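Enquirer: What follows is protein_5.txt, compact mmCIF, C-alpha atoms.
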```txt
# COMPACT_ATOMS: atom_id res chain seq x y z
CA MET B 101 0.00 0.00 0.00
CA ALA B 102 2.70 2.45 -1.06
CA THR B 103 0.54 5.44 -2.04
CA PRO B 104 -2.87 6.32 -0.55
CA GLY B 105 -5.59 7.63 -2.87
CA TYR B 106 -5.35 11.14 -1.38
CA HIS B 107 -1.58 11.40 -2.07
CA ASP B 108 -1.86 14.30 -4.54
CA ASP B 109 -4.22 16.23 -2.23
CA LYS B 110 -2.33 15.58 0.97
CA ALA B 111 -1.53 19.27 1.55
CA ALA B 112 -5.16 20.34 0.99
CA ILE B 113 -6.48 17.65 3.35
CA LEU B 114 -3.91 18.55 6.02
CA ALA B 115 -4.96 22.21 5.71
CA ARG B 116 -8.62 21.21 6.21
CA LEU B 117 -7.76 19.11 9.25
CA ARG B 118 -5.73 21.96 10.77
CA ARG B 119 -8.73 24.26 10.27
CA ILE B 120 -10.94 21.66 12.00
CA GLU B 121 -8.42 21.46 14.88
CA GLY B 122 -8.72 25.26 15.18
CA GLN B 123 -12.52 24.97 15.23
CA VAL B 124 -12.34 22.39 18.04
CA ARG B 125 -10.05 24.70 20.03
CA GLY B 126 -12.57 27.49 19.36
CA LEU B 127 -15.27 25.22 20.85
CA GLN B 128 -13.15 24.83 24.00
CA ARG B 129 -12.83 28.61 24.31
CA MET B 130 -16.60 29.00 23.88
CA VAL B 131 -17.30 26.44 26.62
CA ASP B 132 -14.61 27.93 28.87
CA ASP B 133 -16.25 31.37 28.42
CA GLU B 134 -19.64 29.77 29.22
CA SER B 135 -21.11 30.75 25.85
CA TYR B 136 -24.81 30.09 25.31
CA CYS B 137 -25.58 26.37 24.67
CA ILE B 138 -27.20 27.02 21.30
CA ASP B 139 -24.20 28.99 20.02
CA VAL B 140 -21.87 26.14 21.01
CA LEU B 141 -24.18 23.55 19.42
CA THR B 142 -24.36 25.54 16.17
CA GLN B 143 -20.57 25.49 16.05
CA VAL B 144 -20.47 21.73 16.84
CA SER B 145 -22.72 21.17 13.78
CA ALA B 146 -20.32 23.22 11.65
CA VAL B 147 -17.36 21.07 12.75
CA THR B 148 -19.33 17.86 12.09
CA ARG B 149 -20.12 19.06 8.57
CA ALA B 150 -16.47 20.03 7.97
CA LEU B 151 -15.42 16.50 9.01
CA GLN B 152 -18.04 14.95 6.71
CA SER B 153 -16.67 17.02 3.83
CA VAL B 154 -13.14 15.76 4.47
CA ALA B 155 -14.53 12.21 4.56
CA VAL B 156 -16.35 12.73 1.24
CA GLN B 157 -13.17 14.09 -0.40
CA MET B 158 -11.06 11.18 0.87
CA MET B 159 -13.66 8.61 -0.23
CA ASP B 160 -13.77 10.26 -3.67
CA GLU B 161 -10.03 9.85 -4.06
CA HIS B 162 -10.13 6.33 -2.62
CA LEU B 163 -12.70 5.30 -5.26
CA ARG B 164 -10.85 7.04 -8.11
CA HIS B 165 -7.46 5.56 -7.22
CA CYS B 166 -7.37 2.56 -4.86
CA VAL B 167 -10.73 1.01 -5.86
CA ALA B 168 -10.32 1.81 -9.59
CA ASN B 169 -6.82 0.26 -9.59
CA ALA B 170 -8.08 -2.90 -7.88
CA VAL B 171 -10.98 -3.18 -10.35
CA GLN B 172 -8.65 -2.71 -13.34
CA SER B 173 -6.17 -5.33 -12.10
CA ASP B 174 -6.53 -9.00 -12.95
CA ASP B 175 -7.04 -9.96 -9.32
CA ALA B 176 -10.84 -10.33 -9.08
CA GLU B 177 -10.66 -11.54 -5.49
CA GLU B 178 -8.66 -8.48 -4.39
CA ALA B 179 -11.07 -6.16 -6.28
CA ASP B 180 -13.94 -7.81 -4.46
CA ARG B 181 -12.22 -7.34 -1.10
CA ILE B 182 -11.44 -3.67 -1.80
CA LEU B 183 -15.03 -2.97 -2.91
CA GLY B 184 -16.45 -4.63 0.20
CA GLU B 185 -14.09 -2.63 2.42
CA ALA B 186 -15.10 0.65 0.70
CA MET B 187 -18.81 -0.15 1.10
CA LYS B 188 -18.41 -0.92 4.82
CA THR B 189 -16.77 2.48 5.24
CA ILE B 190 -19.49 4.23 3.20
CA GLU B 191 -22.12 2.47 5.34
CA ARG B 192 -20.42 3.73 8.51
CA LEU B 193 -20.41 7.28 7.13
CA VAL B 194 -24.08 7.05 6.05
CA LYS B 195 -25.27 5.68 9.39
CA SER B 196 -23.33 8.11 11.61
CA MET O 158 -27.97 34.55 29.88
CA ALA O 159 -25.75 34.31 32.98
CA THR O 160 -25.33 30.54 33.23
CA PRO O 161 -25.41 28.07 30.33
CA GLY O 162 -27.19 24.73 30.80
CA TYR O 163 -23.87 22.81 30.77
CA HIS O 164 -22.40 24.92 33.63
CA ASP O 165 -22.12 22.02 36.10
CA ASP O 166 -20.54 19.74 33.48
CA LYS O 167 -18.17 22.30 32.02
CA ALA O 168 -15.05 20.39 33.09
CA ALA O 169 -16.33 17.11 31.62
CA ILE O 170 -17.28 18.78 28.31
CA LEU O 171 -13.92 20.54 28.09
CA ALA O 172 -12.18 17.20 28.68
CA ARG O 173 -14.21 15.63 25.85
CA LEU O 174 -13.36 18.51 23.51
CA ARG O 175 -9.65 18.23 24.36
CA ARG O 176 -9.80 14.52 23.56
CA ILE O 177 -11.48 15.36 20.23
CA GLU O 178 -8.74 17.93 19.51
CA GLY O 179 -6.19 15.15 20.13
CA GLN O 180 -8.09 12.86 17.74
CA VAL O 181 -8.01 15.57 15.03
CA ARG O 182 -4.26 15.96 15.54
CA GLY O 183 -3.98 12.17 15.27
CA LEU O 184 -5.80 12.40 11.92
CA GLN O 185 -3.20 14.94 10.72
CA ARG O 186 -0.38 12.56 11.70
CA MET O 187 -2.11 9.69 9.84
CA VAL O 188 -2.47 11.79 6.68
CA ASP O 189 1.09 13.10 7.00
CA ASP O 190 2.34 9.48 7.27
CA GLU O 191 0.21 8.61 4.21
CA SER O 192 -1.85 6.02 6.13
CA TYR O 193 -4.28 3.93 4.14
CA CYS O 194 -7.46 5.88 3.16
CA ILE O 195 -9.81 3.43 4.89
CA ASP O 196 -7.90 3.67 8.19
CA VAL O 197 -8.11 7.48 8.08
CA LEU O 198 -11.83 7.36 7.20
CA THR O 199 -12.55 4.94 10.07
CA GLN O 200 -10.92 7.43 12.43
CA VAL O 201 -12.88 10.37 10.87
CA SER O 202 -16.10 8.46 11.67
CA ALA O 203 -14.95 8.00 15.27
CA VAL O 204 -14.33 11.76 15.65
CA THR O 205 -17.75 12.55 14.09
CA ARG O 206 -19.44 10.23 16.59
CA ALA O 207 -17.51 11.78 19.48
CA LEU O 208 -18.71 15.25 18.39
CA GLN O 209 -22.30 13.98 18.12
CA SER O 210 -22.06 12.63 21.67
CA VAL O 211 -20.90 16.03 22.97
CA ALA O 212 -23.80 17.64 21.10
CA VAL O 213 -26.29 15.19 22.65
CA GLN O 214 -24.92 15.87 26.16
CA MET O 215 -25.11 19.65 25.67
CA MET O 216 -28.64 19.45 24.25
CA ASP O 217 -29.68 17.28 27.22
CA GLU O 218 -28.49 19.95 29.65
CA HIS O 219 -29.98 22.74 27.54
CA LEU O 220 -33.40 21.05 27.70
CA ARG O 221 -33.12 20.26 31.43
CA HIS O 222 -32.03 23.79 32.40
CA CYS O 223 -32.53 26.60 29.85
CA VAL O 224 -35.67 25.20 28.17
CA ALA O 225 -37.20 23.90 31.42
CA ASN O 226 -36.63 27.29 33.11
CA ALA O 227 -38.25 29.15 30.21
CA VAL O 228 -41.23 26.78 30.25
CA GLN O 229 -41.66 27.17 34.03
CA SER O 230 -41.51 30.97 33.85
CA ASP O 231 -44.60 33.10 33.30
CA ASP O 232 -43.28 34.43 29.99
CA ALA O 233 -45.11 32.28 27.43
CA GLU O 234 -43.65 34.18 24.51
CA GLU O 235 -40.08 33.64 25.72
CA ALA O 236 -40.80 29.95 26.34
CA ASP O 237 -42.09 29.70 22.78
CA ARG O 238 -38.97 31.39 21.41
CA ILE O 239 -36.63 29.15 23.41
CA LEU O 240 -38.48 25.99 22.29
CA GLY O 241 -38.35 27.08 18.64
CA GLU O 242 -34.63 27.81 18.94
CA ALA O 243 -33.97 24.38 20.53
CA MET O 244 -35.95 22.62 17.78
CA LYS O 245 -34.02 24.40 15.01
CA THR O 246 -30.79 23.21 16.61
CA ILE O 247 -32.12 19.65 16.99
CA GLU O 248 -33.18 19.72 13.32
CA ARG O 249 -29.69 20.81 12.30
CA LEU O 250 -28.18 17.93 14.31
CA VAL O 251 -30.66 15.41 12.85
CA LYS O 252 -30.08 16.50 9.26
CA SER O 253 -26.27 16.67 9.39
CA MET N 8 -51.48 9.47 28.13
CA ALA N 9 -54.80 10.70 26.76
CA THR N 10 -53.65 13.15 24.09
CA PRO N 11 -50.39 12.97 22.14
CA GLY N 12 -48.48 16.18 21.46
CA TYR N 13 -49.31 16.04 17.74
CA HIS N 14 -53.08 15.87 18.37
CA ASP N 15 -53.90 19.21 16.71
CA ASP N 16 -51.74 18.40 13.67
CA LYS N 17 -52.88 14.82 13.27
CA ALA N 18 -54.45 15.43 9.84
CA ALA N 19 -51.33 17.18 8.53
CA ILE N 20 -49.04 14.41 9.79
CA LEU N 21 -51.29 11.71 8.32
CA ALA N 22 -51.22 13.56 4.97
CA ARG N 23 -47.39 13.64 5.09
CA LEU N 24 -47.23 9.92 5.90
CA ARG N 25 -49.61 9.08 3.05
CA ARG N 26 -47.38 11.08 0.68
CA ILE N 27 -44.37 9.11 1.98
CA GLU N 28 -46.27 5.85 1.41
CA GLY N 29 -46.86 7.00 -2.18
CA GLN N 30 -43.15 7.77 -2.55
CA VAL N 31 -42.24 4.27 -1.31
CA ARG N 32 -44.67 2.75 -3.84
CA GLY N 33 -43.03 4.97 -6.49
CA LEU N 34 -39.67 3.46 -5.48
CA GLN N 35 -41.11 -0.03 -6.04
CA ARG N 36 -42.25 0.96 -9.53
CA MET N 37 -38.82 2.41 -10.32
CA VAL N 38 -37.09 -0.82 -9.22
CA ASP N 39 -39.66 -2.95 -11.04
CA ASP N 40 -38.98 -0.94 -14.22
CA GLU N 41 -35.22 -1.40 -13.63
CA SER N 42 -34.59 2.35 -13.40
CA TYR N 43 -30.97 3.48 -13.17
CA CYS N 44 -29.47 2.90 -9.69
CA ILE N 45 -28.59 6.58 -9.17
CA ASP N 46 -32.16 7.71 -9.95
CA VAL N 47 -33.55 5.23 -7.41
CA LEU N 48 -30.97 6.29 -4.80
CA THR N 49 -31.78 9.98 -5.32
CA GLN N 50 -35.41 9.15 -4.62
CA VAL N 51 -34.49 7.06 -1.54
CA SER N 52 -32.68 10.15 -0.17
CA ALA N 53 -35.82 12.24 -0.77
CA VAL N 54 -37.97 9.77 1.19
CA THR N 55 -35.40 9.67 4.03
CA ARG N 56 -35.48 13.47 4.25
CA ALA N 57 -39.30 13.48 4.20
CA LEU N 58 -39.30 11.02 7.13
CA GLN N 59 -36.78 13.16 9.03
CA SER N 60 -39.06 16.18 8.54
CA VAL N 61 -42.04 14.31 9.99
CA ALA N 62 -39.83 13.27 12.93
CA VAL N 63 -38.74 16.88 13.51
CA GLN N 64 -42.37 18.09 13.44
CA MET N 65 -43.48 15.40 15.90
CA MET N 66 -40.56 16.10 18.23
CA ASP N 67 -41.39 19.83 18.12
CA GLU N 68 -44.94 19.13 19.25
CA HIS N 69 -43.76 16.58 21.82
CA LEU N 70 -41.47 19.21 23.40
CA ARG N 71 -44.12 21.96 23.26
CA HIS N 72 -46.89 19.81 24.78
CA CYS N 73 -45.86 16.59 26.55
CA VAL N 74 -42.43 17.73 27.80
CA ALA N 75 -43.61 21.28 28.64
CA ASN N 76 -46.59 19.88 30.61
CA ALA N 77 -44.36 17.52 32.58
CA VAL N 78 -41.91 20.33 33.35
CA GLN N 79 -44.71 22.63 34.51
CA SER N 80 -46.26 19.97 36.75
CA ASP N 81 -45.17 19.51 40.35
CA ASP N 82 -43.88 16.01 39.69
CA ALA N 83 -40.10 16.58 39.32
CA GLU N 84 -39.43 12.86 38.99
CA GLU N 85 -41.90 12.50 36.11
CA ALA N 86 -40.45 15.63 34.42
CA ASP N 87 -37.01 14.06 34.70
CA ARG N 88 -38.23 10.78 33.21
CA ILE N 89 -39.98 12.56 30.30
CA LEU N 90 -36.89 14.68 29.55
CA GLY N 91 -34.64 11.61 29.57
CA GLU N 92 -37.02 9.77 27.25
CA ALA N 93 -37.13 12.74 24.83
CA MET N 94 -33.32 12.99 24.78
CA LYS N 95 -32.92 9.25 24.04
CA THR N 96 -35.24 9.71 21.07
CA ILE N 97 -33.39 12.83 19.89
CA GLU N 98 -30.10 10.90 20.18
CA ARG N 99 -31.51 8.08 18.06
CA LEU N 100 -32.60 10.61 15.41
CA VAL N 101 -29.21 12.38 15.47
CA LYS N 102 -27.21 9.15 15.17
CA SER N 103 -29.28 7.55 12.39
CA MET F 71 -28.29 1.68 -19.53
CA ALA F 72 -29.86 -1.71 -20.22
CA THR F 73 -29.33 -3.40 -16.84
CA PRO F 74 -29.13 -1.63 -13.47
CA GLY F 75 -26.55 -2.85 -10.94
CA TYR F 76 -29.26 -4.29 -8.67
CA HIS F 77 -30.71 -6.47 -11.48
CA ASP F 78 -29.91 -9.81 -9.82
CA ASP F 79 -31.29 -8.65 -6.45
CA LYS F 80 -34.41 -6.97 -7.79
CA ALA F 81 -36.78 -9.36 -6.00
CA ALA F 82 -34.99 -8.90 -2.66
CA ILE F 83 -35.00 -5.10 -2.98
CA LEU F 84 -38.69 -5.08 -3.94
CA ALA F 85 -39.45 -7.24 -0.89
CA ARG F 86 -37.58 -4.77 1.34
CA LEU F 87 -39.46 -1.81 -0.17
CA ARG F 88 -42.81 -3.56 0.33
CA ARG F 89 -41.88 -4.15 3.97
CA ILE F 90 -41.03 -0.44 4.28
CA GLU F 91 -44.38 0.47 2.69
CA GLY F 92 -46.06 -1.70 5.33
CA GLN F 93 -44.07 0.08 8.07
CA VAL F 94 -45.22 3.49 6.74
CA ARG F 95 -48.85 2.28 6.77
CA GLY F 96 -48.24 1.08 10.33
CA LEU F 97 -47.07 4.63 11.19
CA GLN F 98 -50.36 5.99 9.81
CA ARG F 99 -52.34 3.58 12.01
CA MET F 100 -50.28 4.62 15.05
CA VAL F 101 -50.95 8.32 14.38
CA ASP F 102 -54.62 7.65 13.63
CA ASP F 103 -54.90 5.80 16.97
CA GLU F 104 -53.13 8.76 18.65
CA SER F 105 -50.25 6.60 19.89
CA TYR F 106 -47.73 8.22 22.20
CA CYS F 107 -45.30 10.57 20.33
CA ILE F 108 -42.18 8.68 21.45
CA ASP F 109 -43.56 5.33 20.21
CA VAL F 110 -44.29 6.86 16.79
CA LEU F 111 -40.84 8.51 16.68
CA THR F 112 -39.11 5.23 17.58
CA GLN F 113 -40.89 3.61 14.65
CA VAL F 114 -39.98 6.52 12.31
CA SER F 115 -36.29 5.89 13.20
CA ALA F 116 -36.73 2.20 12.34
CA VAL F 117 -38.15 3.08 8.90
CA THR F 118 -35.32 5.59 8.28
CA ARG F 119 -32.75 2.91 9.10
CA ALA F 120 -34.52 0.40 6.83
CA LEU F 121 -34.36 2.92 3.96
CA GLN F 122 -30.66 3.58 4.63
CA SER F 123 -30.01 -0.17 4.46
CA VAL F 124 -31.73 -0.40 1.06
CA ALA F 125 -29.63 2.57 -0.10
CA VAL F 126 -26.42 0.89 1.08
CA GLN F 127 -27.33 -2.36 -0.72
CA MET F 128 -28.13 -0.52 -3.97
CA MET F 129 -24.92 1.53 -3.76
CA ASP F 130 -22.94 -1.67 -3.17
CA GLU F 131 -24.34 -3.19 -6.35
CA HIS F 132 -23.92 0.07 -8.26
CA LEU F 133 -20.19 0.14 -7.37
CA ARG F 134 -19.68 -3.58 -8.11
CA HIS F 135 -21.43 -3.45 -11.49
CA CYS F 136 -22.03 -0.02 -13.09
CA VAL F 137 -18.95 1.75 -11.66
CA ALA F 138 -16.66 -1.30 -12.04
CA ASN F 139 -17.75 -1.73 -15.68
CA ALA F 140 -17.12 1.93 -16.46
CA VAL F 141 -13.67 1.76 -14.83
CA GLN F 142 -12.74 -1.41 -16.75
CA SER F 143 -13.87 0.08 -20.09
CA ASP F 144 -11.49 2.07 -22.28
CA ASP F 145 -13.61 5.21 -21.93
CA ALA F 146 -11.75 7.20 -19.24
CA GLU F 147 -14.07 10.18 -19.56
CA GLU F 148 -17.16 8.03 -18.97
CA ALA F 149 -15.47 6.32 -16.01
CA ASP F 150 -14.74 9.76 -14.56
CA ARG F 151 -18.34 10.85 -15.04
CA ILE F 152 -19.74 7.68 -13.44
CA LEU F 153 -17.38 8.00 -10.46
CA GLY F 154 -18.35 11.65 -9.94
CA GLU F 155 -22.04 10.76 -10.12
CA ALA F 156 -21.60 7.95 -7.56
CA MET F 157 -19.73 10.26 -5.18
CA LYS F 158 -22.44 12.94 -5.39
CA THR F 159 -24.98 10.30 -4.42
CA ILE F 160 -22.81 8.99 -1.58
CA GLU F 161 -22.39 12.58 -0.34
CA ARG F 162 -26.17 13.06 -0.35
CA LEU F 163 -26.59 9.84 1.67
CA VAL F 164 -23.84 10.83 4.14
CA LYS F 165 -25.23 14.33 4.70
CA SER F 166 -28.90 13.34 5.09
```
Please rewrite the model in this file as structure tokens.

Expert:
Amino acid sequence: MATPGYHDDKAAILARLRRIEGQVRGLQRMVDDESYCIDVLTQVSAVTRALQSVAVQMMDEHLRHCVANAVQSDDAEEADRILGEAMKTIERLVKS
Amino acid sequence: MATPGYHDDKAAILARLRRIEGQVRGLQRMVDDESYCIDVLTQVSAVTRALQSVAVQMMDEHLRHCVANAVQSDDAEEADRILGEAMKTIERLVKS
Amino acid sequence: MATPGYHDDKAAILARLRRIEGQVRGLQRMVDDESYCIDVLTQVSAVTRALQSVAVQMMDEHLRHCVANAVQSDDAEEADRILGEAMKTIERLVKS
Amino acid sequence: MATPGYHDDKAAILARLRRIEGQVRGLQRMVDDESYCIDVLTQVSAVTRALQSVAVQMMDEHLRHCVANAVQSDDAEEADRILGEAMKTIERLVKS
């Protein structure tokens, strides 16, 4: 597994995750300042959506690279395994 | 709005948010090390669920304190406003 | 438990549920006609969102009537039970 | 688009959708009988989860057949289009 599907977008994904880390620290400041519950909860929803967007981008690249490569190879068993693994992950994202 | 509903659990919520911040930093390390897409995505789902659990705890305390106080007061209009505000936030959590 | 919170909106909620039933029958026709997967899935998302909207409306009325009544009563234990029950249901909606 | 990805499982998917139709009719009976809000909402969550499971099964077959075929073909542009279309649908499922 030399190169993950997101290899070419690594910098962009790291930038998104650093922004999310900043948002989580912002949540801590809000709670520490005893901000109003609803304002904190609105911000929690924003962080959840930001995380979902990172997940969607990574899954996109996983399908376009890792899954596509497995499907194009001659190893039908491996392609089947990779597709099943991707679907389990999609299911986890859909149901959370 | 002197005291938010989560006032008595502030320390516990801050501890949860610090753990989530650590998880987001862990995600950055995984991406920086070019970990396998599926392993990163599994961890993204775990962080999303941890954020949802914080949201559920904060909403619980908001209902038990802020909403309950508004409902018990004589100000029916304010109670109505607070209930509508809580429902909009619940809707945002349900649909994200 | 004489009157549920949605009592005054019963006709509107029944109309929404009948529309959802029609959408589910529409899904069966699409599958029977072997419609393209993506078209069926787009429609499944629409039905899911319609169900979430019914859930949000019912929860709104549950908070405004059943929960508000329990909170306004003198029975603190019952109010506590009703609030806990509402939160469990909200959590189930948020995490599904 | 002669054959959708779910072609071989059409009967099973139709059976699931008929069961979901029955659950939605059951919801109408519950509301008509003025069942307790929380009992109706618990059942709404069950129907939502049943719909998500149908969506996951259809997406699984879409990836294994339609997307895999497009990726294995020589038409890189079509493969790209099909992958983008699948991801948009996955995103809609994840965010709803």

Enquirer: Would you compute the distance between CA of Val147 in chain B and CA of Gln64 in chain N? Give it in Å to one decimal.

Expert: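 Between these atoms lies a distance of 25.2 Å.
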
Enquirer: Counting all atoms listed in the file, what is within 9 Å of range 147-152 of chain F, bar same-chain residues fewer than 4 positions away, as a list in words?

Expert: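 Result of the neighbour search: Arg164 of chain B; Cys136, Val137, Ala138, Asn139, Ala140, Val141, Gln142, Ser143, Ala156 and Met157 of chain F.
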
Enquirer: At a cut-off of 9 Å from (-29.9, 18.4, 17.0) in the coordinates of the file, what residues are picked up using all atoms listed in the file, written as JSON, numbers by chain?

Expert: {"B": [141, 145], "O": [209, 212, 213, 216, 243, 244, 245, 246, 247, 248, 249, 250, 251, 252, 253], "N": [97, 98, 100, 101]}

Enquirer: Rounded to one decimal in Å, what is the spacing between CA of Gln113 in chain F and CA of Ala146 in chain B?

Expert: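 CA of Ala146 in chain B lies at a distance of 28.6 Å from CA of Gln113 in chain F.
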
Enquirer: Return as a Markdown table the residues of chain O lying at most 8 Å from chain B, together with the closest atom-to-atom pair for each and the distance in Å to one decimal, counting only C-alpha atoms, with rows in chain order and ascending residue number.

Expert:
```
| residue | atom | partner | partner_atom | distance |
| --- | --- | --- | --- | --- |
| O:Met158 | CA | B:Tyr136 | CA | 7.1 |
| O:Thr160 | CA | B:Glu134 | CA | 7.0 |
| O:Pro161 | CA | B:Tyr136 | CA | 5.4 |
| O:Gly162 | CA | B:Cys137 | CA | 6.5 |
| O:Tyr163 | CA | B:Cys137 | CA | 7.3 |
| O:His164 | CA | B:Glu134 | CA | 7.1 |
| O:Lys167 | CA | B:Val131 | CA | 6.9 |
| O:Ile170 | CA | B:Val131 | CA | 7.8 |
| O:Leu171 | CA | B:Gln128 | CA | 6.0 |
| O:Leu174 | CA | B:Gln128 | CA | 6.3 |
| O:Arg175 | CA | B:Gln128 | CA | 7.5 |
| O:Ile177 | CA | B:Val124 | CA | 7.4 |
| O:Glu178 | CA | B:Glu121 | CA | 5.8 |
| O:Val181 | CA | B:Glu121 | CA | 5.9 |
| O:Arg182 | CA | B:Glu121 | CA | 6.9 |
| O:Leu184 | CA | B:Leu117 | CA | 7.5 |
| O:Gln185 | CA | B:Leu114 | CA | 6.0 |
| O:Val188 | CA | B:Lys110 | CA | 6.9 |
| O:Asp189 | CA | B:Lys110 | CA | 7.4 |
| O:Glu191 | CA | B:Pro104 | CA | 6.1 |
| O:Ser192 | CA | B:Pro104 | CA | 6.8 |
| O:Tyr193 | CA | B:Pro104 | CA | 5.4 |
| O:Cys194 | CA | B:Pro104 | CA | 5.9 |
| O:Ile195 | CA | B:Thr189 | CA | 7.0 |
| O:Leu198 | CA | B:Ala155 | CA | 6.1 |
| O:Thr199 | CA | B:Thr189 | CA | 6.9 |
| O:Val201 | CA | B:Ala155 | CA | 6.8 |
| O:Ser202 | CA | B:Leu193 | CA | 6.4 |
| O:Thr205 | CA | B:Thr148 | CA | 5.9 |
| O:Arg206 | CA | B:Ser196 | CA | 6.7 |
| O:Leu208 | CA | B:Thr148 | CA | 6.8 |
| O:Gln209 | CA | B:Thr148 | CA | 7.8 |
| O:Ala212 | CA | B:Leu141 | CA | 6.2 |
| O:Met215 | CA | B:Cys137 | CA | 6.8 |
| O:Met216 | CA | B:Cys137 | CA | 7.6 |
| O:His219 | CA | B:Cys137 | CA | 6.4 |
| O:Glu242 | CA | B:Ile138 | CA | 7.8 |
| O:Ala243 | CA | B:Ile138 | CA | 7.3 |
| O:Thr246 | CA | B:Thr142 | CA | 6.9 |
| O:Arg249 | CA | B:Ser145 | CA | 7.1 |
| O:Leu250 | CA | B:Ser145 | CA | 6.4 |
| O:Ser253 | CA | B:Arg149 | CA | 6.6 |
```

Enquirer: In Å, rounded to a single decimal, give me how far CA of Ser123 in chain F is from CA of Ser210 in chain O.

Expert: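 Separating CA of Ser210 in chain O from CA of Ser123 in chain F is a distance of 22.9 Å.
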
Enquirer: Put the listed atoms of range 39-56 of chain N in a box along x, y and z with 8 Å added on every side and give me the centre and edge lengths in Å to one decimal, as JSON.

Expert:
```
{"center_x": -34.1, "center_y": 5.3, "center_z": -5.0, "size_x": 27.1, "size_y": 32.4, "size_z": 34.5}
```
